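Raw contents of work.cif, mmCIF, C-alpha atoms:
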data_input
#
loop_
_atom_site.label_atom_id
_atom_site.label_comp_id
_atom_site.auth_asym_id
_atom_site.auth_seq_id
_atom_site.Cartn_x
_atom_site.Cartn_y
_atom_site.Cartn_z
CA MET A 1 172.38 168.43 98.94
CA LYS A 2 172.77 164.93 100.35
CA HIS A 3 171.48 164.56 103.90
CA PRO A 4 174.45 163.88 106.23
CA ALA A 5 172.60 160.93 107.78
CA LEU A 6 172.79 159.17 104.41
CA ASN A 7 176.57 159.35 104.11
CA ALA A 8 178.69 156.20 104.11
CA GLY A 9 179.61 155.10 107.60
CA LYS A 10 176.41 156.40 109.18
CA VAL A 11 174.03 154.06 111.01
CA ALA A 12 170.47 153.18 109.98
CA VAL A 13 168.04 151.30 112.21
CA VAL A 14 165.06 149.90 110.29
CA THR A 15 162.10 148.06 111.82
CA GLY A 16 159.97 145.67 109.78
CA ALA A 17 163.18 144.79 107.94
CA ALA A 18 162.50 141.17 107.00
CA MET A 19 160.71 141.99 103.74
CA GLY A 20 158.98 144.67 101.69
CA ILE A 21 159.85 148.34 102.09
CA GLY A 22 161.95 147.70 105.21
CA LEU A 23 164.14 145.14 103.47
CA ALA A 24 164.49 147.34 100.39
CA ALA A 25 165.57 150.24 102.62
CA CYS A 26 168.16 148.09 104.41
CA LYS A 27 169.59 146.89 101.11
CA HIS A 28 169.82 150.45 99.80
CA PHE A 29 171.55 151.67 102.95
CA ALA A 30 174.01 148.77 102.90
CA LYS A 31 174.83 149.32 99.22
CA THR A 32 175.53 153.01 99.85
CA GLY A 33 177.91 152.30 102.72
CA LEU A 34 175.74 152.77 105.79
CA ARG A 35 175.91 150.40 108.72
CA VAL A 36 172.54 148.75 109.21
CA CYS A 37 170.54 147.35 112.10
CA ALA A 38 167.71 145.24 110.65
CA VAL A 39 164.88 144.77 113.15
CA ASP A 40 161.93 142.38 112.94
CA LEU A 41 160.28 139.51 114.74
CA PRO A 42 162.48 136.40 114.87
CA SER A 43 161.87 134.34 111.74
CA GLU A 44 163.52 132.58 108.83
CA GLU A 45 162.63 135.64 106.74
CA LEU A 46 164.67 137.90 109.03
CA ASP A 47 167.64 135.50 108.92
CA LYS A 48 167.44 135.42 105.12
CA ALA A 49 167.13 139.20 104.96
CA GLY A 50 170.19 139.59 107.19
CA ARG A 51 172.25 137.46 104.84
CA ALA A 52 171.05 139.43 101.78
CA ILE A 53 171.85 142.75 103.46
CA GLY A 54 175.25 141.46 104.57
CA GLU A 55 176.16 140.55 100.99
CA LEU A 56 175.69 144.20 99.99
CA ALA A 57 177.52 145.78 102.92
CA ALA A 58 181.16 146.83 102.89
CA SER A 59 181.79 144.36 105.73
CA PRO A 60 179.70 141.74 107.55
CA SER A 61 180.40 143.68 110.75
CA ASP A 62 178.43 146.59 109.30
CA VAL A 63 175.15 144.65 109.63
CA MET A 64 173.32 143.83 112.85
CA VAL A 65 170.29 141.55 112.72
CA ALA A 66 168.06 142.26 115.70
CA PRO A 67 165.08 139.98 116.46
CA CYS A 68 162.76 142.27 118.39
CA ASP A 69 159.06 142.97 118.91
CA VAL A 70 158.50 146.73 118.44
CA SER A 71 155.48 146.62 120.74
CA ASP A 72 157.91 145.90 123.62
CA ALA A 73 159.26 149.28 124.75
CA GLU A 74 161.88 147.73 127.04
CA ALA A 75 163.18 145.55 124.21
CA LEU A 76 163.64 148.63 122.02
CA ASP A 77 165.40 150.47 124.85
CA ALA A 78 167.79 147.52 125.11
CA LEU A 79 168.27 147.55 121.35
CA ASN A 80 169.20 151.22 121.40
CA ALA A 81 171.87 150.43 123.99
CA GLN A 82 173.13 147.58 121.81
CA VAL A 83 173.33 149.83 118.73
CA MET A 84 175.18 152.46 120.78
CA ALA A 85 177.67 149.85 121.98
CA THR A 86 178.17 148.32 118.53
CA PHE A 87 177.98 151.28 116.15
CA GLY A 88 178.23 154.33 118.42
CA GLY A 89 174.70 155.58 117.84
CA THR A 90 171.92 155.97 115.29
CA ASP A 91 171.80 158.48 112.44
CA LEU A 92 168.63 157.31 110.69
CA LEU A 93 165.68 155.62 112.37
CA MET A 94 162.99 154.15 110.12
CA ASN A 95 159.88 153.00 112.00
CA ASN A 96 158.35 150.72 109.38
CA ALA A 97 157.08 147.61 111.21
CA VAL A 98 153.40 146.89 110.56
CA THR A 99 150.73 144.23 110.83
CA ARG A 100 147.48 143.98 108.86
CA ILE A 101 145.56 141.93 111.41
CA GLY A 102 142.28 143.14 112.93
CA ALA A 103 140.83 144.38 109.66
CA GLY A 104 137.08 144.23 110.24
CA PHE A 105 135.16 146.76 112.33
CA TRP A 106 133.81 144.08 114.69
CA ASP A 107 136.78 141.71 114.51
CA ASP A 108 138.21 140.15 117.63
CA MET A 109 139.46 142.79 120.06
CA ALA A 110 142.67 140.88 120.71
CA ALA A 111 143.56 141.39 117.05
CA TRP A 112 142.74 145.10 117.31
CA HIS A 113 144.93 145.45 120.41
CA ARG A 114 147.81 143.70 118.64
CA ALA A 115 147.40 145.94 115.58
CA VAL A 116 147.55 149.10 117.71
CA GLU A 117 150.49 147.76 119.73
CA VAL A 118 152.55 147.17 116.57
CA ASN A 119 151.31 149.80 114.12
CA LEU A 120 151.07 152.75 116.51
CA TRP A 121 152.90 151.93 119.73
CA GLY A 122 155.72 150.36 117.72
CA VAL A 123 156.39 153.78 116.19
CA ILE A 124 156.09 155.63 119.50
CA ASN A 125 158.32 153.07 121.24
CA GLY A 126 160.92 153.43 118.50
CA VAL A 127 160.98 157.20 118.77
CA ARG A 128 161.19 157.18 122.56
CA ALA A 129 163.93 154.53 122.59
CA PHE A 130 166.23 156.06 119.97
CA VAL A 131 165.54 159.75 119.43
CA PRO A 132 166.66 161.21 122.78
CA ALA A 133 170.14 159.74 122.21
CA MET A 134 170.10 160.97 118.60
CA ILE A 135 169.40 164.49 119.86
CA GLU A 136 172.08 164.23 122.55
CA ARG A 137 174.76 163.24 120.02
CA GLY A 138 174.27 166.59 118.29
CA GLU A 139 174.81 165.11 114.81
CA PRO A 140 172.50 165.63 111.81
CA ALA A 141 170.04 162.75 111.88
CA CYS A 142 166.54 161.87 110.75
CA VAL A 143 163.53 159.79 111.72
CA VAL A 144 161.21 158.31 109.09
CA ASN A 145 157.83 157.10 110.32
CA VAL A 146 155.87 155.09 107.77
CA GLY A 147 152.26 156.14 107.42
CA SER A 148 149.78 155.43 104.65
CA LYS A 149 147.37 157.24 102.37
CA GLN A 150 144.73 155.22 104.22
CA GLY A 151 145.53 157.30 107.28
CA ILE A 152 144.51 160.41 105.34
CA THR A 153 141.61 159.36 103.09
CA ASN A 154 140.35 156.61 105.45
CA PRO A 155 138.84 154.16 102.91
CA PRO A 156 136.42 151.59 104.34
CA GLY A 157 137.69 148.08 104.92
CA ASN A 158 140.43 148.12 107.56
CA THR A 159 139.42 150.51 110.32
CA VAL A 160 142.14 149.69 112.84
CA TYR A 161 144.90 150.00 110.24
CA ASN A 162 143.52 153.35 109.11
CA LEU A 163 143.23 154.74 112.63
CA CYS A 164 146.81 153.73 113.43
CA LYS A 165 148.14 155.36 110.27
CA ALA A 166 146.07 158.51 110.94
CA ALA A 167 147.56 158.64 114.43
CA ILE A 168 151.07 158.22 113.01
CA LYS A 169 150.49 161.23 110.76
CA SER A 170 149.43 163.35 113.74
CA TYR A 171 152.22 162.01 115.94
CA THR A 172 154.95 162.60 113.34
CA GLU A 173 153.75 166.14 112.64
CA SER A 174 153.99 166.84 116.37
CA LEU A 175 157.39 165.13 116.53
CA GLN A 176 158.79 167.39 113.80
CA HIS A 177 157.43 170.45 115.61
CA GLU A 178 159.01 169.26 118.86
CA LEU A 179 162.37 168.59 117.21
CA ARG A 180 162.60 171.93 115.45
CA ASN A 181 161.87 173.68 118.74
CA THR A 182 164.35 171.65 120.80
CA GLU A 183 167.56 173.59 121.41
CA GLY A 184 170.56 171.82 119.94
CA ALA A 185 168.51 169.17 118.13
CA ARG A 186 169.75 168.38 114.63
CA VAL A 187 167.23 165.59 114.06
CA SER A 188 164.43 165.94 111.51
CA ALA A 189 161.26 163.87 111.23
CA HIS A 190 159.68 162.70 107.97
CA LEU A 191 156.39 160.96 107.17
CA LEU A 192 156.64 158.34 104.41
CA ILE A 193 153.24 157.80 102.78
CA PRO A 194 153.41 154.85 100.35
CA GLY A 195 150.87 154.21 97.65
CA TRP A 196 149.89 150.79 96.36
CA THR A 197 153.05 148.74 96.92
CA THR A 198 153.86 145.07 96.46
CA THR A 199 154.96 143.93 99.90
CA ARG A 200 155.67 140.75 101.83
CA ASN A 201 155.66 137.70 99.55
CA ARG A 202 152.67 138.72 97.45
CA PRO A 203 153.00 138.46 93.66
CA HIS A 204 153.65 141.80 92.00
CA GLN A 205 150.57 143.28 90.32
CA GLN A 206 150.54 145.69 87.42
CA GLY A 207 149.95 149.19 88.73
CA ALA A 208 151.67 148.67 92.08
CA TRP A 209 155.08 150.07 92.91
CA LEU A 210 157.92 147.86 94.04
CA PRO A 211 159.43 148.52 97.47
CA GLU A 212 162.63 149.71 95.78
CA GLN A 213 160.67 152.48 94.05
CA VAL A 214 159.25 153.65 97.37
CA VAL A 215 162.72 153.71 98.92
CA ALA A 216 164.14 155.69 95.98
CA LYS A 217 161.33 158.24 96.40
CA MET A 218 162.03 158.39 100.14
CA ILE A 219 165.76 159.01 99.68
CA ASP A 220 165.16 161.81 97.17
CA ALA A 221 162.63 163.43 99.51
CA ILE A 222 164.91 163.24 102.55
CA GLU A 223 167.67 164.89 100.54
CA ARG A 224 165.22 167.72 99.68
CA ARG A 225 164.33 167.90 103.41
CA ASP A 226 160.66 167.17 102.62
CA PHE A 227 158.44 166.21 105.55
CA TYR A 228 155.52 164.65 103.67
CA ILE A 229 156.77 161.93 101.29
CA VAL A 230 153.69 160.96 99.30
CA CYS A 231 154.40 158.12 96.88
CA PRO A 232 152.31 157.71 93.75
CA ASP A 233 152.04 154.38 91.99
CA ASP A 234 151.39 153.37 88.40
CA GLU A 235 147.62 153.73 88.83
CA VAL A 236 147.28 156.92 90.89
CA SER A 237 149.22 160.00 89.81
CA PRO A 238 150.47 162.73 92.19
CA ALA A 239 147.68 164.98 90.86
CA GLU A 240 145.05 162.36 91.69
CA ASP A 241 146.54 161.89 95.16
CA ARG A 242 146.24 165.62 95.82
CA ARG A 243 142.62 165.70 94.70
CA ARG A 244 141.69 162.69 96.85
CA ILE A 245 143.38 164.20 99.90
CA LEU A 246 141.66 167.53 99.30
CA TRP A 247 138.28 165.81 98.92
CA ALA A 248 138.78 163.99 102.25
CA VAL A 249 139.57 167.27 104.03
CA GLY A 250 136.63 168.86 102.20
CA ASP A 251 134.21 166.57 104.06
CA ILE A 252 134.87 168.76 107.10
CA VAL A 253 135.04 172.10 105.31
CA GLU A 254 131.92 171.44 103.21
CA ASN A 255 130.05 169.65 106.03
CA ARG A 256 129.55 166.53 103.95
CA PRO A 257 128.96 163.10 105.51
CA PRO A 258 132.21 161.40 106.54
CA LEU A 259 133.78 159.23 103.86
CA SER A 260 131.57 160.93 101.30
CA ARG A 261 133.79 159.58 98.53
CA TRP A 262 132.14 156.22 99.19
CA HIS A 263 128.67 157.69 99.86
CA GLY A 264 126.27 157.03 97.00
CA SER A 265 124.85 160.55 97.04
CA TYR A 266 128.26 162.10 96.40
CA GLY A 267 129.66 159.67 93.81
CA ASP A 268 129.02 161.90 90.82
CA ALA A 269 130.36 164.98 92.62
CA PHE A 270 133.57 163.15 93.50
CA GLU A 271 134.05 161.92 89.95
CA ARG A 272 133.69 165.48 88.65
CA PHE A 273 136.12 166.71 91.31
CA GLU A 274 138.68 164.03 90.44
CA ALA A 275 138.42 164.55 86.69
#
Please, can you express the file's structure as structure tokens?
Amino acid sequence: MKHPALNAGKVAVVTGAAMGIGLAACKHFAKTGLRVCAVDLPSEELDKAGRAIGELAASPSDVMVAPCDVSDAEALDALNAQVMATFGGTDLLMNNAVTRIGAGFWDDMAAWHRAVEVNLWGVINGVRAFVPAMIERGEPACVVNVGSKQGITNPPGNTVYNLCKAAIKSYTESLQHELRNTEGARVSAHLLIPGWTTTRNRPHQQGAWLPEQVVAKMIDAIERRDFYIVCPDDEVSPAEDRRRILWAVGDIVENRPPLSRWHGSYGDAFERFEA
């Protein structure tokens, strides 16, 4: 059964909306009759995205383009008030904004701080700015926080990104528990876990999913009321995803070294496990 928050006339607020998964989500919502607030840092890309979303909406007045830094809690509080004044409230909040800076373990700490401010605090700020009013309205609504498989399997290479996405998983699990135990709350939380996806302005590579495929998977999962929305891609099947996640958890259960999947002594064991 279709989730009521996805019905025409409802309101979706999407961060990281200038390109990639966020832009694809905004376009989908506009095409299906939702009113959309597209949030991102001020840029030509956001202006262009706003025009593209507006072309798909039932009316230009159904689209709000909101230049905003998600790391600024006060700015998001002000945006919530603006959405309330313009559209009457929010039915779907998608915390999608992300940065890939601060990749290396010993990279500049300023880059690490910025990554945590956007990738983790941006999600927390979004929830705290919008969700209390969503609960108070008493209407069916949902929150989608965008995580990553890297927050579960923790592959070497971008430590700060992984730790933020791992924290988002934990935070969103706790958020769903909180919501389902809040009297009168009709808001659900969902964790979107994309696979390899072509994002930003990168050329599409064979094996990756397009943002539109991720959004289609997300919509289907929300309608099923799934919490974990794990997206495969054209290189890693759902079965392989399950095995890789189970192996990562198995490091604890089996008392293996952390990240044993990338540990030379366990390479053959992992290959047999994944086969």
### Summary
From CA of Thr99 in chain A to CA of Val123 in chain A the spacing works out at 12.3 Å
### Task
Can you turn the PyMOL selection byres ((chain A and resi 3) around 8) into a concrete residue list for this file, as a ChimeraX atom specification?
/A:1-2,4-7,222-223,225
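CA of Ile193 in chain A is positioned 25.8 Å from CA of Ala133 in chain A.
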### Task
May I ask which of the residues A:Glu178, A:Asp40, A:Gly89, A:Gln205 is the closest one to Val65 in chain A, counting all atoms listed in the file?
A:Asp40
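Here the PyMOL selection byres ((chain A and resi 227) around 7) captures the residues Ala189, His190, Leu191, Arg225, Asp226, Tyr228 and Ile229 of chain A.
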### Query
For Gln176 in chain A, which residue out of A:Ala103, A:Thr159, A:Val143, A:Val63 is the nearest one, using all atoms listed in the file?
A:Val143
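Rounded to one decimal, CA of Gly126 in chain A and CA of Asn145 in chain A lie 9.5 Å from each other.
For the file shown, the residue list from the PyMOL selection byres ((chain A and resi 187) around 7) reads Ile135, Pro140, Ala141, Cys142, Leu179, Ala185, Arg186, Ser188 and Ala189 of chain A.
Remark: for Met218 in chain A, the closest of the candidate residues A:Ala38, A:Leu23, A:Ala115, A:Cys231 is A:Cys231 (distances computed over only C-alpha atoms).
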#### Entry: Test item: residues at most 7 Å from Val11 in chain A, all atoms listed in the file, excluding those fewer than 2 positions along its chain, as JSON, numbers by chain
{"A": [9, 13, 34, 35, 36, 90, 91, 92]}
